[in-house]
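Colleague: Just one file: protein-v6.txt, with compact mmCIF, N, CA and C atoms.
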# COMPACT_ATOMS: atom_id res chain seq x y z
N GLY A 2 -8.80 12.85 6.29
CA GLY A 2 -8.42 12.14 5.09
C GLY A 2 -7.49 10.97 5.37
N TRP A 3 -7.19 10.67 6.63
CA TRP A 3 -6.33 9.53 6.94
C TRP A 3 -7.13 8.24 6.97
N SER A 4 -6.43 7.14 6.81
CA SER A 4 -7.07 5.83 6.89
C SER A 4 -7.55 5.55 8.31
N ASP A 5 -8.42 4.55 8.43
CA ASP A 5 -8.87 4.13 9.76
C ASP A 5 -7.69 3.69 10.62
N THR A 6 -6.70 3.05 10.00
CA THR A 6 -5.51 2.60 10.70
C THR A 6 -4.77 3.78 11.34
N VAL A 7 -4.56 4.84 10.55
CA VAL A 7 -3.85 6.01 11.06
C VAL A 7 -4.67 6.72 12.13
N CYS A 8 -5.96 6.88 11.88
CA CYS A 8 -6.82 7.54 12.87
C CYS A 8 -6.79 6.79 14.20
N ALA A 9 -6.87 5.48 14.14
CA ALA A 9 -6.84 4.68 15.37
C ALA A 9 -5.48 4.76 16.05
N GLY A 10 -4.41 4.79 15.28
CA GLY A 10 -3.08 4.92 15.87
C GLY A 10 -2.91 6.23 16.60
N ILE A 11 -3.38 7.31 15.99
CA ILE A 11 -3.31 8.62 16.64
C ILE A 11 -4.24 8.65 17.84
N MET A 12 -5.43 8.07 17.69
CA MET A 12 -6.40 8.03 18.80
C MET A 12 -5.82 7.26 19.98
N GLY A 13 -5.09 6.19 19.73
CA GLY A 13 -4.45 5.46 20.82
C GLY A 13 -3.52 6.34 21.62
N ASN A 14 -2.81 7.22 20.96
CA ASN A 14 -1.93 8.16 21.65
C ASN A 14 -2.73 9.20 22.41
N ILE A 15 -3.79 9.69 21.81
CA ILE A 15 -4.65 10.66 22.50
C ILE A 15 -5.24 10.04 23.76
N MET A 16 -5.67 8.79 23.65
CA MET A 16 -6.23 8.10 24.81
C MET A 16 -5.20 8.00 25.94
N ALA A 17 -3.95 7.80 25.58
CA ALA A 17 -2.89 7.72 26.59
C ALA A 17 -2.58 9.08 27.18
N GLU A 18 -2.59 10.11 26.35
CA GLU A 18 -2.20 11.44 26.79
C GLU A 18 -3.22 12.11 27.70
N CYS A 19 -4.50 11.94 27.39
CA CYS A 19 -5.48 12.74 28.14
C CYS A 19 -6.77 12.00 28.48
N ALA A 20 -6.76 10.69 28.38
CA ALA A 20 -8.01 9.99 28.64
C ALA A 20 -7.86 8.76 29.51
N GLY A 21 -6.68 8.45 29.93
CA GLY A 21 -6.49 7.29 30.78
C GLY A 21 -6.96 6.00 30.15
N GLY A 22 -6.86 5.91 28.83
CA GLY A 22 -7.26 4.71 28.11
C GLY A 22 -8.72 4.65 27.75
N SER A 23 -9.46 5.72 27.99
CA SER A 23 -10.89 5.73 27.67
C SER A 23 -11.16 6.69 26.52
N PHE A 24 -12.44 6.88 26.22
CA PHE A 24 -12.84 7.86 25.21
C PHE A 24 -13.36 9.14 25.88
N TYR A 25 -13.07 9.31 27.17
CA TYR A 25 -13.42 10.54 27.87
C TYR A 25 -12.14 11.37 27.99
N PHE A 26 -12.13 12.54 27.40
CA PHE A 26 -10.91 13.34 27.33
C PHE A 26 -10.87 14.44 28.36
N ASP A 27 -9.74 14.56 29.03
CA ASP A 27 -9.48 15.61 30.01
C ASP A 27 -8.29 16.40 29.50
N TRP A 28 -8.53 17.59 28.96
CA TRP A 28 -7.46 18.38 28.36
C TRP A 28 -6.39 18.76 29.37
N ASP A 29 -6.71 18.80 30.63
CA ASP A 29 -5.74 19.16 31.65
C ASP A 29 -5.43 17.92 32.50
N ALA A 30 -5.05 16.88 31.83
CA ALA A 30 -4.84 15.60 32.48
C ALA A 30 -3.81 15.69 33.60
N ASN A 31 -4.17 15.20 34.74
CA ASN A 31 -3.27 15.09 35.89
C ASN A 31 -2.65 16.43 36.30
N GLY A 32 -3.31 17.54 35.98
CA GLY A 32 -2.76 18.84 36.35
C GLY A 32 -1.43 19.16 35.68
N SER A 33 -1.17 18.50 34.55
CA SER A 33 0.08 18.69 33.82
C SER A 33 0.18 20.11 33.26
N SER A 34 1.38 20.52 32.95
CA SER A 34 1.55 21.80 32.26
C SER A 34 1.27 21.66 30.78
N GLY A 35 1.13 20.42 30.31
CA GLY A 35 0.73 20.16 28.93
C GLY A 35 -0.73 20.47 28.76
N TYR A 36 -1.13 20.67 27.50
CA TYR A 36 -2.54 20.99 27.24
C TYR A 36 -3.07 20.18 26.06
N GLY A 37 -4.29 19.76 26.19
CA GLY A 37 -5.03 19.21 25.07
C GLY A 37 -4.81 17.74 24.82
N MET A 38 -5.31 17.30 23.67
CA MET A 38 -5.32 15.88 23.36
C MET A 38 -3.92 15.31 23.17
N ILE A 39 -2.94 16.15 22.91
CA ILE A 39 -1.56 15.69 22.77
C ILE A 39 -0.71 16.15 23.95
N GLN A 40 -1.29 16.92 24.86
CA GLN A 40 -0.57 17.47 26.00
C GLN A 40 0.64 18.29 25.52
N TRP A 41 0.33 19.25 24.62
CA TRP A 41 1.37 20.13 24.09
C TRP A 41 2.03 20.90 25.22
N LEU A 42 3.32 21.13 25.08
CA LEU A 42 4.12 21.86 26.07
C LEU A 42 4.83 23.05 25.43
N ASN A 43 5.17 24.00 26.25
CA ASN A 43 6.07 25.10 25.91
C ASN A 43 5.67 25.81 24.61
N GLY A 44 6.60 25.95 23.69
CA GLY A 44 6.35 26.69 22.46
C GLY A 44 5.27 26.08 21.59
N ARG A 45 5.17 24.77 21.59
CA ARG A 45 4.12 24.12 20.80
C ARG A 45 2.75 24.46 21.38
N ARG A 46 2.63 24.44 22.70
CA ARG A 46 1.38 24.83 23.35
C ARG A 46 1.08 26.31 23.10
N ASP A 47 2.09 27.13 23.22
CA ASP A 47 1.90 28.57 23.02
C ASP A 47 1.40 28.87 21.60
N LEU A 48 1.95 28.17 20.61
CA LEU A 48 1.50 28.40 19.23
C LEU A 48 0.07 27.89 19.03
N LEU A 49 -0.26 26.78 19.65
CA LEU A 49 -1.64 26.28 19.60
C LEU A 49 -2.60 27.34 20.13
N PHE A 50 -2.28 27.93 21.28
CA PHE A 50 -3.14 28.97 21.86
C PHE A 50 -3.16 30.23 21.00
N PHE A 51 -2.03 30.59 20.42
CA PHE A 51 -1.97 31.76 19.55
C PHE A 51 -2.89 31.59 18.34
N LYS A 52 -2.86 30.39 17.77
CA LYS A 52 -3.66 30.13 16.57
C LYS A 52 -5.15 29.96 16.86
N TYR A 53 -5.49 29.36 18.01
CA TYR A 53 -6.88 28.96 18.26
C TYR A 53 -7.49 29.51 19.55
N GLY A 54 -6.77 30.32 20.28
CA GLY A 54 -7.29 30.84 21.54
C GLY A 54 -6.96 29.94 22.70
N SER A 55 -7.35 30.34 23.89
CA SER A 55 -6.95 29.64 25.11
C SER A 55 -7.70 28.34 25.37
N THR A 56 -8.75 28.06 24.61
CA THR A 56 -9.51 26.81 24.77
C THR A 56 -9.82 26.20 23.41
N PRO A 57 -8.79 25.77 22.68
CA PRO A 57 -9.03 25.20 21.36
C PRO A 57 -9.88 23.94 21.44
N GLY A 58 -10.86 23.85 20.56
CA GLY A 58 -11.75 22.69 20.53
C GLY A 58 -11.13 21.49 19.84
N ILE A 59 -11.90 20.44 19.73
CA ILE A 59 -11.42 19.19 19.14
C ILE A 59 -10.96 19.40 17.70
N GLU A 60 -11.77 20.06 16.88
CA GLU A 60 -11.40 20.28 15.49
C GLU A 60 -10.12 21.12 15.38
N ASP A 61 -10.01 22.14 16.23
CA ASP A 61 -8.80 22.96 16.23
C ASP A 61 -7.57 22.11 16.55
N GLN A 62 -7.68 21.27 17.54
CA GLN A 62 -6.54 20.44 17.94
C GLN A 62 -6.19 19.41 16.87
N LEU A 63 -7.19 18.85 16.23
CA LEU A 63 -6.92 17.91 15.15
C LEU A 63 -6.23 18.62 13.98
N ASN A 64 -6.68 19.83 13.68
CA ASN A 64 -6.02 20.61 12.63
C ASN A 64 -4.58 20.90 13.00
N TYR A 65 -4.34 21.19 14.27
CA TYR A 65 -2.99 21.50 14.72
C TYR A 65 -2.08 20.26 14.64
N ILE A 66 -2.62 19.09 14.96
CA ILE A 66 -1.85 17.85 14.79
C ILE A 66 -1.45 17.71 13.33
N ARG A 67 -2.40 17.89 12.42
CA ARG A 67 -2.11 17.82 10.99
C ARG A 67 -1.04 18.84 10.60
N ASP A 68 -1.19 20.07 11.07
CA ASP A 68 -0.22 21.11 10.75
C ASP A 68 1.17 20.75 11.23
N GLU A 69 1.26 20.18 12.44
CA GLU A 69 2.57 19.79 12.97
C GLU A 69 3.15 18.58 12.23
N LEU A 70 2.30 17.68 11.78
CA LEU A 70 2.80 16.53 11.03
C LEU A 70 3.35 16.94 9.68
N TYR A 71 2.64 17.84 9.00
CA TYR A 71 3.01 18.20 7.64
C TYR A 71 3.81 19.50 7.53
N GLY A 72 3.93 20.23 8.62
CA GLY A 72 4.64 21.49 8.58
C GLY A 72 3.94 22.51 7.68
N ILE A 73 2.64 22.71 7.93
CA ILE A 73 1.85 23.63 7.11
C ILE A 73 1.20 24.71 7.99
N ASN A 74 0.64 25.72 7.34
CA ASN A 74 -0.08 26.80 8.03
C ASN A 74 0.78 27.49 9.09
N ASP A 75 2.01 27.79 8.72
CA ASP A 75 2.94 28.50 9.60
C ASP A 75 3.29 27.73 10.87
N VAL A 76 3.22 26.42 10.80
CA VAL A 76 3.58 25.56 11.93
C VAL A 76 4.76 24.69 11.48
N ARG A 77 5.77 24.62 12.31
CA ARG A 77 6.96 23.81 12.00
C ARG A 77 6.64 22.32 12.09
N ALA A 78 7.10 21.57 11.11
CA ALA A 78 6.92 20.12 11.12
C ALA A 78 7.64 19.52 12.32
N GLN A 79 6.98 18.60 12.99
CA GLN A 79 7.56 17.94 14.16
C GLN A 79 8.18 16.59 13.82
N VAL A 80 8.08 16.18 12.56
CA VAL A 80 8.62 14.90 12.12
C VAL A 80 9.35 15.10 10.79
N THR A 81 10.26 14.20 10.50
CA THR A 81 10.92 14.19 9.20
C THR A 81 10.00 13.51 8.19
N ASP A 82 10.35 13.61 6.93
CA ASP A 82 9.55 12.95 5.90
C ASP A 82 9.49 11.44 6.11
N SER A 83 10.60 10.83 6.47
CA SER A 83 10.60 9.38 6.67
C SER A 83 9.79 8.99 7.91
N GLN A 84 9.82 9.82 8.94
CA GLN A 84 9.01 9.55 10.13
C GLN A 84 7.53 9.69 9.81
N LEU A 85 7.17 10.72 9.05
CA LEU A 85 5.78 10.90 8.62
C LEU A 85 5.33 9.70 7.81
N ASP A 86 6.18 9.23 6.93
CA ASP A 86 5.86 8.06 6.11
C ASP A 86 5.58 6.85 7.00
N ALA A 87 6.38 6.66 8.05
CA ALA A 87 6.16 5.53 8.96
C ALA A 87 4.82 5.64 9.68
N ILE A 88 4.41 6.86 9.98
CA ILE A 88 3.12 7.07 10.66
C ILE A 88 1.96 6.83 9.71
N ILE A 89 1.97 7.50 8.57
CA ILE A 89 0.78 7.46 7.71
C ILE A 89 0.69 6.22 6.83
N ASN A 90 1.77 5.46 6.74
CA ASN A 90 1.74 4.22 5.96
C ASN A 90 1.85 2.98 6.83
N ALA A 91 1.60 3.13 8.11
CA ALA A 91 1.66 1.97 9.02
C ALA A 91 0.63 0.93 8.59
N GLU A 92 0.98 -0.32 8.75
CA GLU A 92 0.10 -1.40 8.31
C GLU A 92 -0.95 -1.79 9.34
N SER A 93 -0.78 -1.36 10.57
CA SER A 93 -1.76 -1.68 11.60
C SER A 93 -1.92 -0.48 12.52
N PRO A 94 -3.04 -0.41 13.24
CA PRO A 94 -3.20 0.66 14.23
C PRO A 94 -2.08 0.64 15.28
N GLU A 95 -1.66 -0.56 15.66
CA GLU A 95 -0.61 -0.69 16.66
C GLU A 95 0.71 -0.10 16.15
N ASP A 96 1.05 -0.41 14.90
CA ASP A 96 2.29 0.12 14.33
C ASP A 96 2.23 1.64 14.18
N CYS A 97 1.07 2.15 13.80
CA CYS A 97 0.91 3.60 13.68
C CYS A 97 1.05 4.25 15.06
N ALA A 98 0.40 3.67 16.06
CA ALA A 98 0.48 4.23 17.42
C ALA A 98 1.93 4.27 17.89
N PHE A 99 2.67 3.22 17.62
CA PHE A 99 4.06 3.15 18.04
C PHE A 99 4.89 4.22 17.32
N ALA A 100 4.70 4.35 16.00
CA ALA A 100 5.44 5.35 15.23
C ALA A 100 5.07 6.76 15.67
N PHE A 101 3.79 7.01 15.90
CA PHE A 101 3.34 8.33 16.34
C PHE A 101 3.93 8.66 17.72
N ALA A 102 3.92 7.69 18.61
CA ALA A 102 4.47 7.89 19.96
C ALA A 102 5.97 8.14 19.90
N THR A 103 6.65 7.43 19.03
CA THR A 103 8.10 7.53 18.93
C THR A 103 8.54 8.83 18.27
N TYR A 104 7.93 9.15 17.14
CA TYR A 104 8.41 10.28 16.33
C TYR A 104 7.72 11.61 16.62
N PHE A 105 6.43 11.58 16.93
CA PHE A 105 5.69 12.82 17.12
C PHE A 105 5.57 13.17 18.60
N GLU A 106 5.09 12.24 19.38
CA GLU A 106 4.94 12.47 20.82
C GLU A 106 6.28 12.48 21.54
N ARG A 107 7.15 11.60 21.10
CA ARG A 107 8.47 11.43 21.72
C ARG A 107 8.35 11.08 23.21
N CYS A 108 7.40 10.22 23.50
CA CYS A 108 7.21 9.82 24.89
C CYS A 108 8.26 8.77 25.28
N ALA A 109 8.40 8.57 26.55
CA ALA A 109 9.34 7.58 27.05
C ALA A 109 8.95 6.20 26.54
N SER A 110 9.93 5.36 26.28
CA SER A 110 9.69 4.06 25.66
C SER A 110 8.73 3.18 26.46
N GLU A 111 8.73 3.31 27.78
CA GLU A 111 7.84 2.46 28.59
C GLU A 111 6.37 2.78 28.39
N TYR A 112 6.04 3.92 27.75
CA TYR A 112 4.65 4.30 27.52
C TYR A 112 4.16 3.95 26.12
N ARG A 113 5.01 3.37 25.30
CA ARG A 113 4.62 3.11 23.91
C ARG A 113 3.75 1.87 23.76
N SER A 114 3.97 0.85 24.56
CA SER A 114 3.20 -0.39 24.43
C SER A 114 1.73 -0.18 24.71
N MET A 115 1.41 0.58 25.77
CA MET A 115 0.00 0.79 26.10
C MET A 115 -0.71 1.52 24.97
N ARG A 116 -0.01 2.39 24.27
CA ARG A 116 -0.62 3.14 23.17
C ARG A 116 -1.01 2.20 22.03
N ARG A 117 -0.23 1.16 21.85
CA ARG A 117 -0.56 0.15 20.83
C ARG A 117 -1.89 -0.51 21.18
N GLY A 118 -2.06 -0.87 22.44
CA GLY A 118 -3.31 -1.49 22.88
C GLY A 118 -4.50 -0.55 22.75
N TYR A 119 -4.30 0.71 23.11
CA TYR A 119 -5.37 1.70 22.98
C TYR A 119 -5.74 1.90 21.51
N ALA A 120 -4.74 1.86 20.63
CA ALA A 120 -5.02 2.01 19.20
C ALA A 120 -5.89 0.86 18.69
N ARG A 121 -5.62 -0.34 19.16
CA ARG A 121 -6.45 -1.49 18.75
C ARG A 121 -7.87 -1.30 19.27
N THR A 122 -8.01 -0.85 20.50
CA THR A 122 -9.34 -0.59 21.07
C THR A 122 -10.09 0.44 20.24
N ALA A 123 -9.42 1.53 19.89
CA ALA A 123 -10.05 2.58 19.07
C ALA A 123 -10.44 2.04 17.70
N TYR A 124 -9.57 1.26 17.10
CA TYR A 124 -9.86 0.70 15.77
C TYR A 124 -11.08 -0.21 15.82
N GLU A 125 -11.12 -1.07 16.80
CA GLU A 125 -12.26 -2.00 16.90
C GLU A 125 -13.56 -1.26 17.21
N TYR A 126 -13.47 -0.19 17.97
CA TYR A 126 -14.67 0.58 18.32
C TYR A 126 -15.18 1.39 17.14
N PHE A 127 -14.30 2.10 16.45
CA PHE A 127 -14.71 3.03 15.41
C PHE A 127 -14.74 2.45 14.01
N ALA A 128 -13.84 1.54 13.69
CA ALA A 128 -13.73 1.06 12.31
C ALA A 128 -14.48 -0.25 12.05
N SER A 129 -14.85 -0.93 13.10
CA SER A 129 -15.52 -2.23 12.91
C SER A 129 -17.00 -2.08 12.73
Could you spell out this file's structure in structure tokens?
Modeller:
Amino acid sequence: GWSDTVCAGIMGNIMAECAGGSFYFDWDANGSSGYGMIQWLNGRRDLLFFKYGSTPGIEDQLNYIRDELYGINDVRAQVTDSQLDAIINAESPEDCAFAFATYFERCASEYRSMRRGYARTAYEYFAS
């Protein structure tokens, strides 16, 4: 139910986390201890596995992202209301990717710019 802008912004982050900038996803990217399209770690990863089993599919992971954004289905919200607003009301895929990386992913600042570019790529591929 998100706009193309939001979907592309989130997709840009997914591309950075587990796809090396492509549309080919590797849930175990770089042998990391993180898992899945967001490279969940620790308790967040454990809850993902508890809810969906040890190999959650794409739809399961997308549902889990939604649950973590909104704090629903017995999952703790990972963002504040104002941070969620910045993500879902972003005016461009690049702005959404940056907000998602900053507030939800909490990745190091040097990794945020590439996500903006990936979000534009996703938007042009899927929404155009």
Colleague: Write out as a CSV table (one decimal) with N, CA and C atoms, in the frame of the given file the residues lying within 12 Å of Tyr104 in chain A, counting only C-alpha atoms and excluding same-chain residues fewer than 6 positions away.
Modeller:
chain,number,residue,atom,x,y,z
A,11,ILE,N,-3.4,7.3,16.0
A,11,ILE,CA,-3.3,8.6,16.6
A,11,ILE,C,-4.2,8.6,17.8
A,14,ASN,N,-2.8,7.2,21.0
A,14,ASN,CA,-1.9,8.2,21.6
A,14,ASN,C,-2.7,9.2,22.4
A,69,GLU,N,1.3,20.2,12.4
A,69,GLU,CA,2.6,19.8,13.0
A,69,GLU,C,3.2,18.6,12.2
A,70,LEU,N,2.3,17.7,11.8
A,70,LEU,CA,2.8,16.5,11.0
A,70,LEU,C,3.4,16.9,9.7
A,78,ALA,N,7.1,21.6,11.1
A,78,ALA,CA,6.9,20.1,11.1
A,78,ALA,C,7.6,19.5,12.3
A,79,GLN,N,7.0,18.6,13.0
A,79,GLN,CA,7.6,17.9,14.2
A,79,GLN,C,8.2,16.6,13.8
A,80,VAL,N,8.1,16.2,12.6
A,80,VAL,CA,8.6,14.9,12.1
A,80,VAL,C,9.4,15.1,10.8
A,81,THR,N,10.3,14.2,10.5
A,81,THR,CA,10.9,14.2,9.2
A,81,THR,C,10.0,13.5,8.2
A,82,ASP,N,10.4,13.6,6.9
A,82,ASP,CA,9.6,13.0,5.9
A,82,ASP,C,9.5,11.4,6.1
A,83,SER,N,10.6,10.8,6.5
A,83,SER,CA,10.6,9.4,6.7
A,83,SER,C,9.8,9.0,7.9
A,84,GLN,N,9.8,9.8,8.9
A,84,GLN,CA,9.0,9.6,10.1
A,84,GLN,C,7.5,9.7,9.8
A,85,LEU,N,7.2,10.7,9.0
A,85,LEU,CA,5.8,10.9,8.6
A,85,LEU,C,5.3,9.7,7.8
A,86,ASP,N,6.2,9.2,6.9
A,86,ASP,CA,5.9,8.1,6.1
A,86,ASP,C,5.6,6.8,7.0
A,87,ALA,N,6.4,6.7,8.0
A,87,ALA,CA,6.2,5.5,9.0
A,87,ALA,C,4.8,5.6,9.7
A,88,ILE,N,4.4,6.9,10.0
A,88,ILE,CA,3.1,7.1,10.7
A,88,ILE,C,2.0,6.8,9.7
A,89,ILE,N,2.0,7.5,8.6
A,89,ILE,CA,0.8,7.5,7.7
A,89,ILE,C,0.7,6.2,6.8
A,97,CYS,N,1.1,2.2,13.8
A,97,CYS,CA,0.9,3.6,13.7
A,97,CYS,C,1.0,4.2,15.1
A,98,ALA,N,0.4,3.7,16.1
A,98,ALA,CA,0.5,4.2,17.4
A,98,ALA,C,1.9,4.3,17.9
A,110,SER,N,9.9,5.4,26.3
A,110,SER,CA,9.7,4.1,25.7
A,110,SER,C,8.7,3.2,26.5
A,113,ARG,N,5.0,3.4,25.3
A,113,ARG,CA,4.6,3.1,23.9
A,113,ARG,C,3.8,1.9,23.8
Colleague: Could you tell me which of A:Gly54, A:Thr122, A:Phe24, A:Glu18 comes closest to Gln40 in chain A if we count all atoms listed in the file?
Modeller: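 When distances to Gln40 in chain A are compared using all atoms listed in the file, the smallest one comes from A:Glu18.
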Colleague: Distance atom C of Ala120 in chain A-atom N of Ile73 in chain A, one decimal place?
Modeller: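 Calculated distance between atom C of Ala120 in chain A and atom N of Ile73 in chain A is 25.8 Å.
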Colleague: Go through A:Ser129, A:Ser114, A:Ser93, A:Asn64 one by one, measure the shortest atom-to-atom distance of each to Gly2 in chain A using only C-alpha atoms, and give the residue with the smallest value.
Modeller: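 Closest to Gly2 in chain A of all the choices is A:Asn64.
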Colleague: Quote the spacing between CA of Tyr53 in chain A and atom C of Tyr112 in chain A in Å to one decimal place.
Modeller: 28.4 Å
Colleague: Of the candidates A:Pro94, A:Trp3, A:Gly21, A:Leu48, which shows the shortest atom-to-atom distance to Glu125 in chain A, using only C-alpha atoms?
Modeller: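 Result for the nearest residue to Glu125 in chain A: A:Pro94.
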Colleague: How far is it from atom N of Asp96 in chain A to atom N of Ser4 in chain A, in Å with one decimal?
Modeller: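 Pair atom N of Asp96 in chain A / atom N of Ser4 in chain A returns 13.4 Å.
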Colleague: Counting all atoms listed in the file, figure out which residue out of A:Thr103, A:Gly13, A:Met38, A:Asn90 gets nearest to Leu63 in chain A.
Modeller: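 Using all atoms listed in the file, Leu63 in chain A sits closest to A:Met38.
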Colleague: Between A:Phe101, A:Glu95, A:Leu49, A:Gly35, which has the minimum distance to Asp61 in chain A (counting only C-alpha atoms)?
Modeller: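 That would be A:Leu49, the residue with the smallest distance to Asp61 in chain A.
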